[in-house]
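Shown next, in C-alpha cells, is the structure this report addresses.
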Amino acid sequence: MTQIKFCGLKTGRDVAAAEAAGAAWTGFVIFEKSPRHVSPSLAGELAHLAKNSQTVAVTVNPDDDLLARIRDAMHPDWIQLHGSESPQRVVQARAYAKRGVIKALPVADASDLDAAKAYDRIADMLLFDAKPPKGADRPGGHGVGYDYALLKSLQISVPWLLSGGLDATNVAAAVSQAGAQAVDVSSGIESAPGVKDADKIAAFASALAVPTQA
C-alpha cells in the first residue's frame with residue numbers, strides 16, 4: 001500500500017483520524033501565513049499523540065531560532081523545508097530532527113525537475129508539490145494539481161513523495177501516473193481551509209487500498 005503523509009493537522013482529533021487511516025507520517029505546519037499553522041508548543045502536544053506515525057514539522061525558510069524551538073517543543077522525526085532553502089541549509093537543518101530532512105520542490109513542467117539533482121543525497125527525502133499561483137504569499141499548489149506523469153522519469157536516489165491537488169477522487173490514478181511510493185495530502189482532506197474532515201481522511205486512505213490503472 002502507498003504510504004501516506006497526512007499534513008496540516010491541527011487537533012488531536014485530526015491526529016487520531018490520520019493514524020486510524022494508517023498514516024506513515026503526520027505533518028504539522030509551523031508557518032504563520034498558512035491556515036494550517038500551529039505553534040511549536042501545540043505541534044509538540046499533537047506530535048505526542050502520534051503513536052504510530054513519524055512526525056514532520058513543516059516549515060518555510062525557518063531561521064535557527066525557530067528550528068531550535070521546534071526541536072525543543074516537538075522533537076520531530078523530520079523537518080520539512082518548504083521554501084527556497086539551499087542544499088547547504090538542508091544540511092544545517094538536519095541537526096534539528098531525529099531522522100532527517102524532507103525538501104519540498106515546486107513543479108509546473110518538466111524543467112522544474114532539474115532542481116531535484118541539487119538536493120539528491122543532500123535531503124533525506126524529496127516532496128514534489130505544485131507551484132503556487134502567481135501572487136501567493138505561501139508555497140504549495142493551494143489544492144491545484146499538475147501533470148503527475150512528469151515524475152515517472154525521475155532519476156534520484158532518495159525516497160520521494162507526490163503532493164499537490166490530491167484527494168480521494170484522483171489519488172490512485174495520480175500514484176499510477178507518477179510511479180509514486182508515497183503521497184502527501186492536506187487540502188484534499190479538508191471541509192474548509194485548515195479544517196480536516198475525518199471522513200475525507202478515511203476515504204483518501206481507502207482510495208489507495210485498491211490498485212487503479214491510470
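Letters A, B, ... mark the chains of the C-alpha cells in the order given; residue numbers begin at 1 per chain; ligand numbers begin at 1, in order shown.
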Name the residues in contact with Leu154 in chain A at a cut-off of 12 Å, using only C-alpha atoms, excluding same-chain residues fewer than 4 positions from it; report them as a ChimeraX atom specification. /A:110-117,120,126,128,148-150,158-162,178-180
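Residues with any atom within 12 Å of Val60 in chain A, counting only C-alpha atoms and excluding same-chain neighbours fewer than 5 positions away, are Val29, Ile30, Phe31, Glu32, Lys33, Ser34, His37, Leu66, Leu67, Ile79, Gln80, Leu81, His82, Gly83, Ser84, Glu85, Ser86, Arg89, Val90, Ala93, Ile102, Lys103, Ala104, Leu105, Asp137, Arg138, Pro139 and Gly140 of chain A.
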Write a file of the just-selected residues containing N, CA, C and O atoms, as a compact mmCIF listing (two decimals), in the first residue's frame.
```txt
# COMPACT_ATOMS: atom_id res chain seq x y z
N VAL A 29 2.12 22.05 10.38
CA VAL A 29 2.63 23.23 9.70
C VAL A 29 2.93 24.34 10.70
O VAL A 29 2.04 24.78 11.44
N ILE A 30 4.16 24.78 10.71
CA ILE A 30 4.57 25.87 11.60
C ILE A 30 5.01 27.03 10.70
O ILE A 30 6.19 27.21 10.39
N PHE A 31 4.01 27.76 10.23
CA PHE A 31 4.21 28.85 9.28
C PHE A 31 2.98 29.75 9.37
O PHE A 31 1.88 29.35 8.98
N GLU A 32 3.14 30.93 9.92
CA GLU A 32 2.01 31.76 10.32
C GLU A 32 1.08 32.16 9.18
O GLU A 32 -0.10 32.44 9.41
N LYS A 33 1.56 32.22 7.96
CA LYS A 33 0.71 32.61 6.84
C LYS A 33 -0.23 31.50 6.39
O LYS A 33 -1.13 31.75 5.59
N SER A 34 -0.02 30.31 6.89
CA SER A 34 -0.85 29.18 6.48
C SER A 34 -2.09 29.06 7.36
O SER A 34 -2.02 29.23 8.58
N HIS A 37 -1.50 26.65 10.26
CA HIS A 37 -0.42 26.95 11.21
C HIS A 37 -0.77 26.54 12.63
O HIS A 37 -1.88 26.78 13.11
N LEU A 66 13.82 29.42 15.19
CA LEU A 66 12.58 28.67 15.04
C LEU A 66 12.86 27.17 15.04
O LEU A 66 12.13 26.39 15.69
N LEU A 67 13.87 26.74 14.34
CA LEU A 67 14.20 25.31 14.32
C LEU A 67 14.53 24.79 15.72
O LEU A 67 14.14 23.67 16.08
N ILE A 79 12.17 17.30 9.71
CA ILE A 79 11.94 18.71 9.39
C ILE A 79 11.65 18.77 7.89
O ILE A 79 12.43 18.26 7.09
N GLN A 80 10.54 19.38 7.53
CA GLN A 80 10.25 19.61 6.11
C GLN A 80 10.51 21.07 5.79
O GLN A 80 9.99 21.96 6.45
N LEU A 81 11.32 21.29 4.77
CA LEU A 81 11.65 22.64 4.31
C LEU A 81 10.86 22.90 3.03
O LEU A 81 11.11 22.27 2.00
N HIS A 82 9.94 23.83 3.11
CA HIS A 82 9.00 24.04 2.00
C HIS A 82 9.20 25.41 1.34
O HIS A 82 8.31 25.89 0.63
N GLY A 83 10.34 26.04 1.59
CA GLY A 83 10.60 27.35 0.99
C GLY A 83 11.69 27.28 -0.06
O GLY A 83 11.78 26.32 -0.83
N SER A 84 12.55 28.30 -0.07
CA SER A 84 13.62 28.39 -1.07
C SER A 84 14.97 28.00 -0.47
O SER A 84 16.01 28.50 -0.89
N GLU A 85 14.95 27.09 0.49
CA GLU A 85 16.17 26.70 1.20
C GLU A 85 17.19 26.07 0.25
O GLU A 85 16.84 25.25 -0.61
N SER A 86 18.45 26.43 0.44
CA SER A 86 19.55 25.90 -0.37
C SER A 86 19.94 24.51 0.11
O SER A 86 19.58 24.09 1.23
N ARG A 89 21.47 24.72 3.43
CA ARG A 89 20.52 24.90 4.53
C ARG A 89 19.86 23.57 4.90
O ARG A 89 19.56 23.33 6.08
N VAL A 90 19.64 22.72 3.93
CA VAL A 90 19.11 21.39 4.20
C VAL A 90 20.04 20.63 5.14
O VAL A 90 19.61 20.02 6.11
N ALA A 93 19.77 22.02 8.66
CA ALA A 93 18.51 21.72 9.33
C ALA A 93 18.45 20.30 9.89
O ALA A 93 17.69 20.02 10.81
N ILE A 102 13.11 16.58 4.86
CA ILE A 102 12.33 16.44 3.63
C ILE A 102 12.38 17.80 2.93
O ILE A 102 12.00 18.81 3.52
N LYS A 103 12.85 17.85 1.72
CA LYS A 103 12.88 19.11 0.97
C LYS A 103 11.78 19.09 -0.07
O LYS A 103 11.72 18.20 -0.92
N ALA A 104 10.89 20.08 0.01
CA ALA A 104 9.81 20.22 -0.95
C ALA A 104 10.28 21.04 -2.15
O ALA A 104 10.96 22.05 -1.99
N LEU A 105 9.90 20.60 -3.33
CA LEU A 105 10.25 21.30 -4.56
C LEU A 105 8.99 21.53 -5.40
O LEU A 105 8.15 20.63 -5.54
N ASP A 137 1.11 34.17 -1.18
CA ASP A 137 2.01 34.53 -0.08
C ASP A 137 2.52 33.32 0.69
O ASP A 137 3.11 33.45 1.74
N ARG A 138 2.27 32.13 0.15
CA ARG A 138 2.77 30.92 0.77
C ARG A 138 2.99 29.87 -0.31
O ARG A 138 2.37 29.93 -1.37
N PRO A 139 3.89 28.93 -0.08
CA PRO A 139 4.20 27.91 -1.08
C PRO A 139 3.10 26.87 -1.19
O PRO A 139 2.13 26.86 -0.44
N GLY A 140 3.29 25.96 -2.13
CA GLY A 140 2.31 24.91 -2.35
C GLY A 140 1.34 25.25 -3.46
O GLY A 140 1.25 26.40 -3.90
```
Once DSSP has gone over the backbone, tell me which residues of range 93-132 of chain A are in strand (DSSP E or B), as a CSV table (one decimal) with N, CA and C atoms, in the first residue's frame.
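Done, and the output landed in result_33.csv:
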```csv
chain,number,residue,atom,x,y,z
A,100,GLY,N,15.8,13.2,9.8
A,100,GLY,CA,16.3,13.8,8.7
A,100,GLY,C,15.4,14.9,8.1
A,101,VAL,N,15.7,15.4,6.9
A,101,VAL,CA,15.1,16.5,6.3
A,101,VAL,C,14.3,16.1,5.0
A,102,ILE,N,13.1,16.6,4.9
A,102,ILE,CA,12.3,16.4,3.6
A,102,ILE,C,12.4,17.8,2.9
A,103,LYS,N,12.9,17.8,1.7
A,103,LYS,CA,12.9,19.1,1.0
A,103,LYS,C,11.8,19.1,-0.1
A,104,ALA,N,10.9,20.1,0.0
A,104,ALA,CA,9.8,20.2,-1.0
A,104,ALA,C,10.3,21.0,-2.1
A,105,LEU,N,9.9,20.6,-3.3
A,105,LEU,CA,10.2,21.3,-4.6
A,105,LEU,C,9.0,21.5,-5.4
A,106,PRO,N,8.8,22.7,-6.0
A,106,PRO,CA,7.6,23.1,-6.7
A,106,PRO,C,7.8,22.6,-8.2
A,107,VAL,N,6.6,22.1,-8.7
A,107,VAL,CA,6.6,21.5,-10.1
A,107,VAL,C,5.5,22.1,-10.9
A,125,MET,N,14.7,12.9,2.0
A,125,MET,CA,13.6,12.7,1.2
A,125,MET,C,13.2,14.0,0.4
A,126,LEU,N,12.6,13.8,-0.8
A,126,LEU,CA,12.1,15.0,-1.5
A,126,LEU,C,10.6,14.9,-1.6
A,127,LEU,N,9.9,16.0,-1.7
A,127,LEU,CA,8.5,16.1,-1.9
A,127,LEU,C,8.2,17.0,-3.1
A,128,PHE,N,7.5,16.5,-4.0
A,128,PHE,CA,7.2,17.3,-5.2
A,128,PHE,C,5.7,17.9,-5.1
A,129,ASP,N,5.6,19.2,-5.0
A,129,ASP,CA,4.3,19.9,-4.9
A,129,ASP,C,4.1,20.7,-6.1
A,130,ALA,N,2.9,21.2,-6.2
A,130,ALA,CA,2.5,22.1,-7.3
A,130,ALA,C,3.1,23.5,-7.0
```
Near Thr169 in chain A, within 12 Å and counting only C-alpha atoms, which residues show up once chain neighbours fewer than 3 positions away are dropped, as a PyMOL selection string? chain A and resi 165-166+172-175+188-189+200+203-208+212
What separation in Å, quoted to one decimal, exists between CA of Val38 in chain A and CA of Lys196 in chain A?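 Separating CA of Val38 in chain A from CA of Lys196 in chain A is a distance of 13.7 Å.
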How would you write, as a PyMOL selection string, the set of residues in range 21-114 of chain A that DSSP gives as alpha helix (DSSP H)? chain A and resi 40-49+64-74+87-93
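Nearest to Phe28 in chain A of all the residues A:Val195, A:Ile4, A:Ala57, A:Met74 is A:Ala57, based on only C-alpha atoms.
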What gap, in Å, lies between CA of Lys5 in chain A and CA of Gln88 in chain A?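 CA of Gln88 in chain A lies at a distance of 25.2 Å from CA of Lys5 in chain A.
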Of the listed residues A:Ala198, A:Val56, A:Leu46, A:Ala24, that which approaches Gly12 in chain A most closely, counting only C-alpha atoms: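 Comparing A:Ala198, A:Val56, A:Leu46, A:Ala24 against Gly12 in chain A, the winner is A:Leu46.
Here CA of Arg99 in chain A and CA of Val58 in chain A stand 14.1 Å from one another.
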Near Pro76 in chain A, counting only C-alpha atoms, which residues have an atom at most 9 Å away, once you skip same-chain residues fewer than 6 positions from it, shown as a list in words?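 Here the qualifying residues turn out to be Gly44, Ala47, Gln54, Thr55, Val56, Ala57, Ile70, Tyr96, Ala97, Lys98 and Arg99 of chain A.
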For all heavy atoms, I'd like the residues from the last selection saved as a tab-separated table (two decimals), in the first residue's frame.
```
chain	number	residue	atom	x	y	z
A	44	GLY	N	4.08	20.26	19.39
A	44	GLY	CA	4.63	19.28	20.31
A	44	GLY	C	3.56	18.45	20.99
A	44	GLY	O	3.71	17.22	21.13
A	47	ALA	N	2.17	16.10	18.31
A	47	ALA	CA	3.14	15.06	17.95
A	47	ALA	C	3.19	13.97	19.01
A	47	ALA	O	3.40	12.79	18.70
A	47	ALA	CB	4.51	15.69	17.76
A	54	GLN	N	5.41	8.71	12.01
A	54	GLN	CA	6.55	9.59	12.18
A	54	GLN	C	6.08	11.04	12.05
A	54	GLN	O	5.24	11.35	11.20
A	54	GLN	CB	7.63	9.28	11.14
A	54	GLN	CG	8.20	7.89	11.28
A	54	GLN	CD	9.17	7.53	10.18
A	54	GLN	OE1	9.74	8.40	9.54
A	54	GLN	NE2	9.37	6.24	9.96
A	55	THR	N	6.60	11.91	12.89
A	55	THR	CA	6.12	13.29	12.91
A	55	THR	C	7.01	14.19	12.06
A	55	THR	O	8.22	14.04	12.00
A	55	THR	CB	6.09	13.82	14.35
A	55	THR	OG1	7.41	13.73	14.92
A	55	THR	CG2	5.11	13.00	15.20
A	56	VAL	N	6.34	15.16	11.41
A	56	VAL	CA	7.02	16.07	10.50
A	56	VAL	C	6.66	17.51	10.86
A	56	VAL	O	5.48	17.87	10.92
A	56	VAL	CB	6.61	15.81	9.03
A	56	VAL	CG1	7.39	16.73	8.09
A	56	VAL	CG2	6.82	14.34	8.66
A	57	ALA	N	7.67	18.33	11.09
A	57	ALA	CA	7.47	19.77	11.29
A	57	ALA	C	7.67	20.45	9.95
A	57	ALA	O	8.77	20.43	9.39
A	57	ALA	CB	8.46	20.31	12.31
A	70	ILE	N	11.26	24.45	17.62
A	70	ILE	CA	10.56	23.25	17.15
A	70	ILE	C	11.19	21.99	17.74
A	70	ILE	O	10.49	21.11	18.24
A	70	ILE	CB	10.57	23.20	15.61
A	70	ILE	CG1	9.68	24.31	15.04
A	70	ILE	CG2	10.11	21.83	15.12
A	70	ILE	CD1	9.82	24.48	13.54
A	96	TYR	N	18.29	19.37	13.65
A	96	TYR	CA	17.11	19.65	14.47
A	96	TYR	C	16.05	18.54	14.40
A	96	TYR	O	14.99	18.67	15.02
A	96	TYR	CB	16.49	20.99	14.05
A	96	TYR	CG	17.43	22.16	14.23
A	96	TYR	CD1	18.29	22.56	13.21
A	96	TYR	CD2	17.48	22.85	15.44
A	96	TYR	CE1	19.16	23.63	13.38
A	96	TYR	CE2	18.35	23.92	15.62
A	96	TYR	CZ	19.19	24.29	14.59
A	96	TYR	OH	20.05	25.36	14.77
A	97	ALA	N	16.33	17.49	13.66
A	97	ALA	CA	15.36	16.40	13.51
A	97	ALA	C	16.00	15.07	13.87
A	97	ALA	O	17.21	14.89	13.75
A	97	ALA	CB	14.85	16.35	12.07
A	98	LYS	N	15.17	14.15	14.31
A	98	LYS	CA	15.68	12.85	14.72
A	98	LYS	C	16.06	11.96	13.53
A	98	LYS	O	16.99	11.16	13.60
A	98	LYS	CB	14.65	12.14	15.60
A	98	LYS	CG	14.49	12.78	16.97
A	98	LYS	CD	13.61	11.95	17.88
A	98	LYS	CE	12.16	11.97	17.48
A	98	LYS	NZ	11.29	11.29	18.49
A	99	ARG	N	15.32	12.10	12.44
A	99	ARG	CA	15.55	11.23	11.29
A	99	ARG	C	16.18	11.94	10.10
A	99	ARG	O	17.01	11.36	9.40
A	99	ARG	CB	14.25	10.55	10.85
A	99	ARG	CG	13.75	9.50	11.84
A	99	ARG	CD	12.45	8.90	11.36
A	99	ARG	NE	11.96	7.87	12.27
A	99	ARG	CZ	12.17	6.56	12.12
A	99	ARG	NH1	12.87	6.12	11.08
A	99	ARG	NH2	11.69	5.70	12.98
```
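Take the candidates A:Thr11, A:Ser186, A:Thr2, A:Ser191 and check each one against Ser39 in chain A using only C-alpha atoms; the shortest distance goes to A:Thr11.
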